[in-house]
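A.B. asks: Coordinates in input_7.txt, compact mmCIF, C-alpha atoms and all ligand atoms, are listed below.
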```
# COMPACT_ATOMS: atom_id res chain seq x y z
CA MET R 1 -70.69 -64.99 15.61
CA THR R 2 -72.18 -66.96 18.53
CA ARG R 3 -74.61 -69.63 17.43
CA TRP R 4 -77.50 -70.79 19.64
CA ILE R 5 -79.77 -73.83 19.31
CA GLU R 6 -83.19 -73.47 20.91
CA GLU R 7 -85.29 -76.29 22.30
CA THR R 8 -88.71 -76.07 20.63
CA LEU R 9 -90.55 -78.68 22.76
CA PHE R 10 -92.77 -75.95 24.23
CA PRO R 11 -94.16 -73.39 21.75
CA HIS R 12 -94.04 -70.37 24.04
CA TRP R 13 -91.05 -71.05 26.30
CA GLY R 14 -87.78 -72.87 26.27
CA GLN R 15 -84.09 -73.13 26.83
CA ARG R 16 -81.28 -72.52 24.40
CA PHE R 17 -77.68 -73.75 24.15
CA CYS R 18 -74.66 -71.81 23.02
CA VAL R 19 -73.18 -74.02 20.29
CA GLY R 20 -69.49 -74.79 19.96
CA LYS R 21 -69.91 -77.06 16.90
CA VAL R 22 -72.68 -79.00 15.21
CA LEU R 23 -71.46 -82.57 14.80
CA PHE R 24 -74.44 -84.17 13.03
CA GLU R 25 -77.76 -82.91 11.73
CA ASP R 26 -80.17 -84.82 9.50
CA LYS R 27 -83.73 -85.98 9.08
CA THR R 28 -83.69 -89.70 9.77
CA GLU R 29 -86.43 -92.07 8.58
CA HIS R 30 -88.37 -91.08 11.72
CA GLN R 31 -87.32 -87.71 13.13
CA HIS R 32 -84.97 -84.71 12.99
CA LEU R 33 -81.70 -85.53 14.78
CA VAL R 34 -79.07 -82.99 15.78
CA ILE R 35 -75.94 -83.59 17.86
CA PHE R 36 -73.77 -80.66 18.88
CA GLU R 37 -71.04 -79.56 21.24
CA SER R 38 -72.57 -77.08 23.67
CA THR R 39 -70.33 -74.71 25.63
CA SER R 40 -72.35 -75.38 28.82
CA HIS R 41 -73.36 -79.07 28.90
CA GLY R 42 -70.90 -80.89 26.67
CA ARG R 43 -72.37 -82.87 23.80
CA VAL R 44 -76.13 -82.65 23.38
CA MET R 45 -78.61 -84.72 21.35
CA MET R 46 -81.96 -83.33 20.27
CA LEU R 47 -84.77 -85.14 18.44
CA ASP R 48 -87.51 -83.08 16.77
CA GLY R 49 -86.33 -80.04 18.72
CA ALA R 50 -86.48 -81.71 22.18
CA VAL R 51 -83.42 -82.34 24.38
CA GLN R 52 -82.82 -86.10 24.70
CA VAL R 53 -79.49 -86.29 26.44
CA THR R 54 -76.54 -84.11 27.46
CA LEU R 55 -73.22 -85.44 28.72
CA ALA R 56 -73.43 -83.09 31.69
CA ASP R 57 -76.62 -84.46 33.30
CA GLU R 58 -77.50 -87.79 31.62
CA PHE R 59 -76.60 -89.66 34.80
CA VAL R 60 -79.64 -88.31 36.68
CA TYR R 61 -82.24 -89.65 34.29
CA HIS R 62 -80.51 -92.91 33.38
CA GLU R 63 -79.86 -93.85 37.01
CA MET R 64 -83.37 -92.97 38.19
CA MET R 65 -85.21 -94.72 35.35
CA SER R 66 -83.14 -97.90 35.85
CA HIS R 67 -82.31 -98.33 39.55
CA VAL R 68 -85.64 -97.38 41.11
CA PRO R 69 -87.51 -100.30 39.45
CA LEU R 70 -84.57 -102.71 39.48
CA PHE R 71 -83.73 -102.26 43.17
CA ALA R 72 -87.44 -102.31 44.06
CA LEU R 73 -87.53 -105.82 42.56
CA LYS R 74 -85.92 -108.69 44.42
CA GLU R 75 -83.89 -110.18 41.58
CA PRO R 76 -84.79 -108.75 38.14
CA LYS R 77 -83.54 -111.00 35.33
CA HIS R 78 -85.36 -109.96 32.14
CA VAL R 79 -85.61 -106.28 31.22
CA LEU R 80 -87.14 -104.61 28.16
CA VAL R 81 -86.07 -101.08 27.24
CA ILE R 82 -88.23 -99.32 24.68
CA GLY R 83 -86.53 -96.39 22.96
CA GLY R 84 -83.29 -95.65 24.75
CA GLY R 85 -81.22 -95.45 21.56
CA ASP R 86 -78.43 -93.54 23.31
CA GLY R 87 -77.71 -96.62 25.42
CA GLY R 88 -77.72 -94.89 28.82
CA ILE R 89 -80.57 -96.95 30.29
CA LEU R 90 -79.04 -100.14 28.86
CA ARG R 91 -75.72 -99.23 30.54
CA GLU R 92 -77.33 -98.84 33.95
CA VAL R 93 -79.58 -101.92 33.62
CA LEU R 94 -76.62 -104.15 32.79
CA LYS R 95 -74.84 -103.06 36.00
CA HIS R 96 -77.31 -105.27 37.90
CA PRO R 97 -75.68 -108.70 38.35
CA SER R 98 -79.10 -110.39 38.42
CA VAL R 99 -79.96 -109.19 34.87
CA LYS R 100 -79.63 -112.05 32.39
CA GLN R 101 -81.31 -110.44 29.35
CA ALA R 102 -81.77 -106.82 28.26
CA VAL R 103 -83.85 -106.33 25.11
CA LEU R 104 -83.62 -102.84 23.63
CA CYS R 105 -86.35 -101.97 21.12
CA GLU R 106 -85.43 -98.78 19.26
CA ILE R 107 -87.30 -97.60 16.18
CA ASP R 108 -84.47 -95.50 14.75
CA ARG R 109 -81.17 -97.22 13.93
CA THR R 110 -79.57 -93.84 13.19
CA VAL R 111 -79.96 -92.78 16.82
CA ILE R 112 -78.00 -95.83 17.96
CA ASP R 113 -75.34 -95.37 15.27
CA MET R 114 -74.84 -91.66 16.00
CA SER R 115 -74.89 -92.27 19.76
CA LEU R 116 -72.15 -94.87 19.39
CA LYS R 117 -70.14 -92.39 17.30
CA TYR R 118 -70.64 -89.20 19.33
CA PHE R 119 -71.63 -90.46 22.82
CA PRO R 120 -69.67 -93.72 23.30
CA GLU R 121 -69.35 -92.89 27.01
CA ILE R 122 -73.13 -93.03 27.46
CA SER R 123 -73.59 -96.64 26.29
CA ALA R 124 -70.07 -97.50 27.59
CA GLY R 125 -70.01 -100.84 25.76
CA ALA R 126 -73.60 -101.83 26.70
CA PHE R 127 -74.53 -102.59 23.08
CA ASP R 128 -71.75 -105.20 22.97
CA ASP R 129 -72.73 -106.95 26.21
CA LYS R 130 -73.67 -110.59 25.55
CA ARG R 131 -76.94 -110.07 27.49
CA THR R 132 -78.04 -107.29 25.12
CA ASP R 133 -80.55 -108.00 22.34
CA VAL R 134 -81.19 -104.96 20.08
CA ARG R 135 -84.36 -104.91 18.00
CA ILE R 136 -84.90 -102.12 15.46
CA GLU R 137 -88.68 -101.84 15.41
CA ASP R 138 -91.63 -99.89 16.74
CA GLY R 139 -92.06 -100.59 20.45
CA VAL R 140 -95.84 -100.75 20.09
CA LYS R 141 -95.45 -103.66 17.66
CA LEU R 142 -92.91 -105.53 19.77
CA VAL R 143 -95.01 -105.51 22.94
CA ALA R 144 -98.11 -106.50 20.97
CA GLU R 145 -96.41 -109.53 19.40
CA THR R 146 -93.52 -110.73 21.55
CA HIS R 147 -93.63 -114.03 23.45
CA GLY R 148 -91.01 -112.57 25.79
CA ARG R 149 -91.86 -111.84 29.41
CA PHE R 150 -90.10 -109.24 31.50
CA ASP R 151 -89.58 -108.27 35.12
CA ALA R 152 -89.26 -104.59 34.15
CA ILE R 153 -90.27 -102.64 31.05
CA LEU R 154 -88.57 -99.23 30.86
CA VAL R 155 -90.03 -96.87 28.27
CA ASP R 156 -87.22 -94.43 27.56
CA SER R 157 -89.16 -92.71 24.79
CA THR R 158 -89.25 -89.31 23.22
CA ASP R 159 -92.21 -87.11 24.12
CA PRO R 160 -95.64 -87.88 22.64
CA VAL R 161 -94.77 -86.29 19.30
CA GLY R 162 -93.79 -88.12 16.11
CA PRO R 163 -92.82 -91.78 16.56
CA GLY R 164 -93.14 -91.49 20.35
CA SER R 165 -96.88 -90.79 20.29
CA VAL R 166 -97.89 -94.46 20.17
CA LEU R 167 -95.95 -95.10 23.37
CA PHE R 168 -98.44 -93.02 25.37
CA THR R 169 -101.59 -94.97 24.37
CA LYS R 170 -103.81 -97.31 26.39
CA GLY R 171 -103.25 -100.06 23.87
CA PHE R 172 -99.50 -99.84 24.30
CA TYR R 173 -99.76 -99.92 28.09
CA ALA R 174 -102.14 -102.91 27.90
CA SER R 175 -99.59 -104.75 25.74
CA CYS R 176 -96.87 -103.91 28.27
CA ARG R 177 -99.07 -105.40 31.01
CA ARG R 178 -99.34 -108.58 28.92
CA CYS R 179 -95.54 -108.82 28.69
CA LEU R 180 -94.81 -108.32 32.40
CA ASN R 181 -93.94 -111.27 34.64
CA LYS R 182 -95.91 -111.62 37.92
CA GLY R 183 -94.81 -108.76 40.16
CA GLY R 184 -93.20 -106.95 37.21
CA VAL R 185 -93.10 -103.18 36.80
CA LEU R 186 -93.58 -100.70 33.96
CA VAL R 187 -91.75 -97.36 34.16
CA THR R 188 -92.32 -94.59 31.61
CA GLN R 189 -90.72 -91.31 30.66
CA ASN R 190 -93.67 -89.04 31.42
CA GLY R 191 -92.41 -85.49 30.95
CA VAL R 192 -92.24 -82.51 33.27
CA PRO R 193 -95.56 -82.23 35.17
CA PHE R 194 -95.33 -78.44 35.44
CA MET R 195 -95.33 -78.15 31.64
CA GLN R 196 -96.71 -81.51 30.47
CA GLY R 197 -99.32 -82.23 33.15
CA ALA R 198 -101.99 -83.33 30.67
CA GLU R 199 -99.75 -86.11 29.31
CA LEU R 200 -99.01 -87.38 32.82
CA LYS R 201 -102.69 -87.20 33.78
CA GLN R 202 -103.64 -89.21 30.69
CA SER R 203 -100.99 -91.90 31.28
CA MET R 204 -102.03 -92.22 34.91
CA SER R 205 -105.70 -92.60 34.01
CA TYR R 206 -104.78 -95.49 31.68
CA PHE R 207 -102.53 -96.99 34.37
CA ARG R 208 -105.38 -96.87 36.91
CA GLU R 209 -107.59 -98.83 34.51
CA LEU R 210 -104.95 -101.40 33.64
CA PHE R 211 -102.87 -101.96 36.79
CA GLU R 212 -103.44 -102.55 40.50
CA ASP R 213 -100.76 -100.04 41.53
CA SER R 214 -99.97 -96.83 39.66
CA THR R 215 -98.25 -93.60 40.51
CA CYS R 216 -95.17 -91.66 39.43
CA TYR R 217 -91.88 -90.68 40.96
CA LEU R 218 -89.79 -87.58 40.35
CA ALA R 219 -86.23 -86.50 39.66
CA ALA R 220 -84.74 -83.15 38.77
CA VAL R 221 -83.02 -83.45 35.39
CA PRO R 222 -81.55 -79.98 34.75
CA THR R 223 -81.98 -79.99 30.96
CA TYR R 224 -85.51 -81.40 31.01
CA ALA R 225 -86.61 -77.83 31.51
CA GLY R 226 -89.60 -76.88 33.66
CA GLY R 227 -88.96 -78.53 37.00
CA GLN R 228 -88.83 -82.12 38.18
CA MET R 229 -89.64 -84.79 35.61
CA ALA R 230 -92.05 -87.69 36.18
CA PHE R 231 -91.42 -91.37 35.75
CA GLY R 232 -94.72 -93.24 35.42
CA TRP R 233 -94.94 -96.37 37.60
CA ALA R 234 -97.36 -99.27 37.04
CA SER R 235 -97.41 -102.76 38.52
CA ASN R 236 -99.88 -105.45 39.52
CA ASP R 237 -98.10 -105.86 42.86
CA HIS R 238 -98.05 -102.79 45.12
CA LYS R 239 -95.42 -104.50 47.30
CA VAL R 240 -92.82 -103.68 44.63
CA ARG R 241 -93.25 -99.93 45.08
CA THR R 242 -93.43 -100.22 48.88
CA ALA R 243 -90.21 -102.27 49.14
CA LYS R 244 -88.56 -101.45 52.49
CA LEU R 245 -85.64 -98.99 52.55
CA ALA R 246 -83.56 -101.61 54.39
CA ASP R 247 -84.17 -104.17 51.59
CA ILE R 248 -83.40 -101.63 48.87
CA ARG R 249 -80.23 -100.61 50.70
CA GLU R 250 -79.16 -104.26 51.08
CA ARG R 251 -79.67 -104.90 47.33
CA PHE R 252 -77.84 -101.66 46.46
CA MET R 253 -74.84 -102.56 48.62
CA ALA R 254 -74.75 -106.11 47.26
CA ALA R 255 -74.83 -104.89 43.65
CA ALA R 256 -71.97 -102.46 44.40
CA ILE R 257 -73.06 -100.06 41.64
CA ALA R 258 -71.37 -96.65 41.67
CA THR R 259 -73.92 -93.88 41.17
CA LYS R 260 -73.88 -90.08 40.95
CA TYR R 261 -77.55 -89.41 41.71
CA TYR R 262 -79.40 -92.57 42.82
CA THR R 263 -79.25 -93.65 46.45
CA PRO R 264 -81.73 -95.87 48.34
CA ALA R 265 -82.91 -92.82 50.30
CA VAL R 266 -83.44 -90.82 47.06
CA HIS R 267 -85.31 -93.87 45.68
CA LYS R 268 -87.86 -93.79 48.49
CA ALA R 269 -88.06 -89.97 48.58
CA ALA R 270 -88.72 -89.78 44.81
CA PHE R 271 -92.24 -91.13 45.40
CA ALA R 272 -93.11 -88.22 47.72
CA LEU R 273 -95.13 -86.03 45.37
CA PRO R 274 -95.89 -82.30 45.58
CA ALA R 275 -99.62 -81.62 46.02
CA PHE R 276 -100.13 -80.40 42.42
CA VAL R 277 -98.61 -83.60 41.00
CA ASP R 278 -100.61 -85.78 43.40
CA ARG R 279 -103.81 -84.02 42.30
CA LEU R 280 -102.83 -84.44 38.64
CA ILE R 281 -102.38 -88.20 38.90
CA THR R 282 -105.33 -89.02 41.16
CA ASN R 283 -108.15 -87.01 39.57
N1 LIG U 301 -84.14 -89.77 27.78
C1 LIG U 301 -84.84 -89.16 26.67
C2 LIG U 301 -86.08 -88.45 27.14
O1 LIG U 301 -86.39 -88.57 28.33
O2 LIG U 301 -86.68 -87.74 26.33
C3 LIG U 301 -85.16 -90.19 25.64
C4 LIG U 301 -83.93 -90.64 24.98
S1 LIG U 301 -84.00 -91.85 23.73
C5 LIG U 301 -82.97 -91.07 22.59
C6 LIG U 301 -85.63 -91.74 23.02
C7 LIG U 301 -85.72 -92.76 21.90
O3 LIG U 301 -87.07 -93.21 21.71
C8 LIG U 301 -85.28 -92.24 20.53
O4 LIG U 301 -84.08 -92.88 20.15
C9 LIG U 301 -86.43 -92.58 19.60
O5 LIG U 301 -86.01 -93.00 18.31
C10 LIG U 301 -87.11 -93.69 20.36
N2 LIG U 301 -88.50 -93.93 19.97
C11 LIG U 301 -89.46 -93.01 19.72
N3 LIG U 301 -90.61 -93.62 19.37
C12 LIG U 301 -90.38 -94.98 19.41
C13 LIG U 301 -91.17 -96.12 19.17
N4 LIG U 301 -92.46 -96.01 18.78
N5 LIG U 301 -90.60 -97.35 19.32
C14 LIG U 301 -89.30 -97.46 19.69
N6 LIG U 301 -88.48 -96.41 19.93
C15 LIG U 301 -89.02 -95.18 19.80
```
Using structure tokens, write down the structure from this file.
Ligand code: SAM
C.D. replies:
Amino acid sequence: MTRWIEETLFPHWGQRFCVGKVLFEDKTEHQHLVIFESTSHGRVMMLDGAVQVTLADEFVYHEMMSHVPLFALKEPKHVLVIGGGDGGILREVLKHPSVKQAVLCEIDRTVIDMSLKYFPEISAGAFDDKRTDVRIEDGVKLVAETHGRFDAILVDSTDPVGPGSVLFTKGFYASCRRCLNKGGVLVTQNGVPFMQGAELKQSMSYFRELFEDSTCYLAAVPTYAGGQMAFGWASNDHKVRTAKLADIRERFMAAAIATKYYTPAVHKAAFALPAFVDRLITN
């Protein structure tokens, strides 16, 4: 009998996966975690009914959340990843030779443990890199209290449900601003505008209050159902976002990072927003 697992992120619409085998399912201290072999996308992780990562398309999201900010910056050294327990963002961040320190603040140790067990190819050794510093704590607490300062803060969070809710608040964004170095940039997982427009609108209104430069950029992640997904962008230096294509290309070539989705041209094009998204984030 064929088994299906449905994504329940949206109450009245969603995708489903034909399941080969469920590998892990439990309620952790923070959320419901299921990992299964799908017949279409390889291994899949879901948290509280929402797709987090699939082996088939993880490269899109992890490359675009990491390389757009890090190649927009001249020489990023200190990076903070909030969430990101699967290790995919950490993997891509550590490919940048300029990065000296990558702090990963993940609230749920079980996500890291199960990702290492069932998705070792996603972190690909990133958790063992000597530049990595893993903290198991709530991201809202870390950014409120840390003395660390960062060139990029990448919020690879779940959606604003459960433990992820606090990572979409004005207070959290204000704390992130406090922890950014001069010219630093905050990038956030901000959902699929076509289905989660209100969340994006809210984040952008906070960004406009707190930062000189705020917008979002887009990428099409096939299993983040509902169209292109938005990465929130906030910085106190608009020159970071408007870095020249030639400079981005030069940094990309020098770093010699192999990618499957990100290119300097895709980087620049990702900030070209459809009218409905532009209206969402500016009104
Ligand atoms: N790429 C995925 C997406 O776009 O939905 C996110 C992947 S990653 C698995 C999301 C992580 O955020 C989870 O491991 C979850 O435990 C973590 N998380 C949720 N709320 C958090 C919080 N308040 N502080 C730190 N980590 C949190």
A.B. asks: Work out how far CA of Val221 (chain R) is from CA of Trp4 (chain R), in Å to one decimal.
C.D. replies: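 Spanning CA of Trp4 (chain R) to CA of Val221 (chain R) is a straight-line distance of 20.9 Å.
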A.B. asks: I'd like to know which of R:Pro69, R:Gly191, R:Gly125, R:Gly197 is closest to ligand LIG 301 (chain U), using all atoms listed in the file.
C.D. replies: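 Between R:Pro69, R:Gly191, R:Gly125, R:Gly197, the residue approaching ligand LIG 301 (chain U) most closely is R:Gly191.
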A.B. asks: Can you pull out the residues contacting His30 (chain R)? Cut-off 12 Å, using all atoms listed in the file, and skip same-chain residues under 3 positions away; I want them as a PyMOL selection string.
C.D. replies: chain R and resi 26-27+33+47-48+106-111+137-138+158+161-164
A.B. asks: I'd like the contact shell of Glu145 (chain R) - 12 Å cut-off, only C-alpha atoms, skipping same-chain residues fewer than 5 positions apart - returned as a list in words.
C.D. replies: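 The contact residues come out as Glu137, Asp138, Gly139, Val140, Phe172, Ser175, Cys176, Arg178 and Cys179 of chain R.
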A.B. asks: Could you work out how far CA of Ala102 (chain R) lies from CA of His32 (chain R), giving the answer in Å with one decimal?
C.D. replies: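 Pair CA of His32 (chain R) / CA of Ala102 (chain R) returns 27.1 Å.
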A.B. asks: Would you mind listing what lies within 12 Å of Ala269 (chain R) as a ChimeraX atom specification, with all atoms listed in the file counted and same-chain residues fewer than 2 positions away left out?
C.D. replies: /R:64,68,216-219,241-242,245,262-267,271-274
A.B. asks: Determine the nearest neighbour of Ile248 (chain R) from the options R:Ile5, R:Leu180, R:Leu73, R:Leu142, counting only C-alpha atoms.
C.D. replies: R:Leu73
A.B. asks: Considering only C-alpha atoms, state which residue in the set R:Gln189, R:Gln52, R:Gln196, R:Thr28 is at the smallest distance from Glu7 (chain R).
C.D. replies: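 Once distances to Glu7 (chain R) are computed over only C-alpha atoms, the minimum belongs to R:Gln52.
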A.B. asks: Out of R:Gly226, R:Gly88, R:Gly14, R:Gly83, which residue has the shortest atom-to-atom distance to ligand LIG 301 (chain U) when counting all atoms listed in the file?
C.D. replies: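 Checking each of R:Gly226, R:Gly88, R:Gly14, R:Gly83 against ligand LIG 301 (chain U), counting all atoms listed in the file, the winner is R:Gly83.
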A.B. asks: Check the smallest atom-to-atom distance from each of R:Phe211, R:Tyr224, R:Thr188, R:Pro97 to Ala256 (chain R) using only C-alpha atoms, then report the winner.
C.D. replies: R:Pro97
A.B. asks: Would you save region 86-105 of chain R from the block above with N, CA, C and O atoms, as a compact mmCIF listing (two decimals), in the first residue's frame?
C.D. replies:
```txt
# COMPACT_ATOMS: atom_id res chain seq x y z
N ASP R 86 20.49 21.59 9.74
CA ASP R 86 20.87 20.54 8.78
C ASP R 86 22.30 20.73 8.28
O ASP R 86 22.89 19.83 7.69
N GLY R 87 22.87 21.91 8.51
CA GLY R 87 24.26 22.15 8.17
C GLY R 87 24.51 22.62 6.74
O GLY R 87 25.67 22.87 6.37
N GLY R 88 23.48 22.78 5.95
CA GLY R 88 23.67 23.18 4.54
C GLY R 88 24.19 24.60 4.39
O GLY R 88 25.10 24.86 3.59
N ILE R 89 23.67 25.53 5.19
CA ILE R 89 24.17 26.91 5.12
C ILE R 89 25.61 26.94 5.62
O ILE R 89 26.50 27.56 5.00
N LEU R 90 25.87 26.24 6.71
CA LEU R 90 27.23 26.19 7.28
C LEU R 90 28.22 25.69 6.22
O LEU R 90 29.29 26.25 6.01
N ARG R 91 27.81 24.64 5.48
CA ARG R 91 28.67 24.07 4.44
C ARG R 91 29.03 25.13 3.40
O ARG R 91 30.21 25.30 3.07
N GLU R 92 28.05 25.86 2.96
CA GLU R 92 28.31 26.85 1.90
C GLU R 92 29.11 28.04 2.43
O GLU R 92 30.00 28.55 1.76
N VAL R 93 28.80 28.49 3.65
CA VAL R 93 29.53 29.62 4.25
C VAL R 93 31.01 29.30 4.37
O VAL R 93 31.88 30.13 4.03
N LEU R 94 31.31 28.09 4.79
CA LEU R 94 32.72 27.71 5.04
C LEU R 94 33.51 27.53 3.75
O LEU R 94 34.73 27.44 3.78
N LYS R 95 32.83 27.55 2.60
CA LYS R 95 33.56 27.47 1.32
C LYS R 95 34.26 28.79 1.00
O LYS R 95 35.11 28.85 0.12
N HIS R 96 33.87 29.86 1.72
CA HIS R 96 34.48 31.17 1.48
C HIS R 96 35.81 31.27 2.22
O HIS R 96 35.84 31.22 3.45
N PRO R 97 36.92 31.39 1.48
CA PRO R 97 38.24 31.39 2.14
C PRO R 97 38.39 32.52 3.17
O PRO R 97 39.13 32.40 4.13
N SER R 98 37.65 33.62 2.97
CA SER R 98 37.80 34.75 3.90
C SER R 98 37.16 34.49 5.26
O SER R 98 37.49 35.13 6.25
N VAL R 99 36.24 33.51 5.34
CA VAL R 99 35.52 33.25 6.60
C VAL R 99 36.46 32.62 7.63
O VAL R 99 37.09 31.59 7.38
N LYS R 100 36.54 33.31 8.78
CA LYS R 100 37.42 32.84 9.86
C LYS R 100 36.62 32.17 10.98
O LYS R 100 37.14 31.39 11.77
N GLN R 101 35.33 32.58 11.10
CA GLN R 101 34.50 32.08 12.20
C GLN R 101 33.06 31.94 11.71
O GLN R 101 32.53 32.86 11.07
N ALA R 102 32.48 30.76 11.96
CA ALA R 102 31.05 30.55 11.63
C ALA R 102 30.36 30.03 12.88
O ALA R 102 30.59 28.90 13.32
N VAL R 103 29.54 30.88 13.50
CA VAL R 103 28.78 30.47 14.69
C VAL R 103 27.43 29.96 14.20
O VAL R 103 26.76 30.63 13.40
N LEU R 104 27.05 28.76 14.63
CA LEU R 104 25.72 28.25 14.29
C LEU R 104 24.91 28.11 15.57
O LEU R 104 25.31 27.37 16.48
N CYS R 105 23.82 28.84 15.64
CA CYS R 105 22.96 28.85 16.84
C CYS R 105 21.67 28.12 16.52
O CYS R 105 20.78 28.66 15.85
```
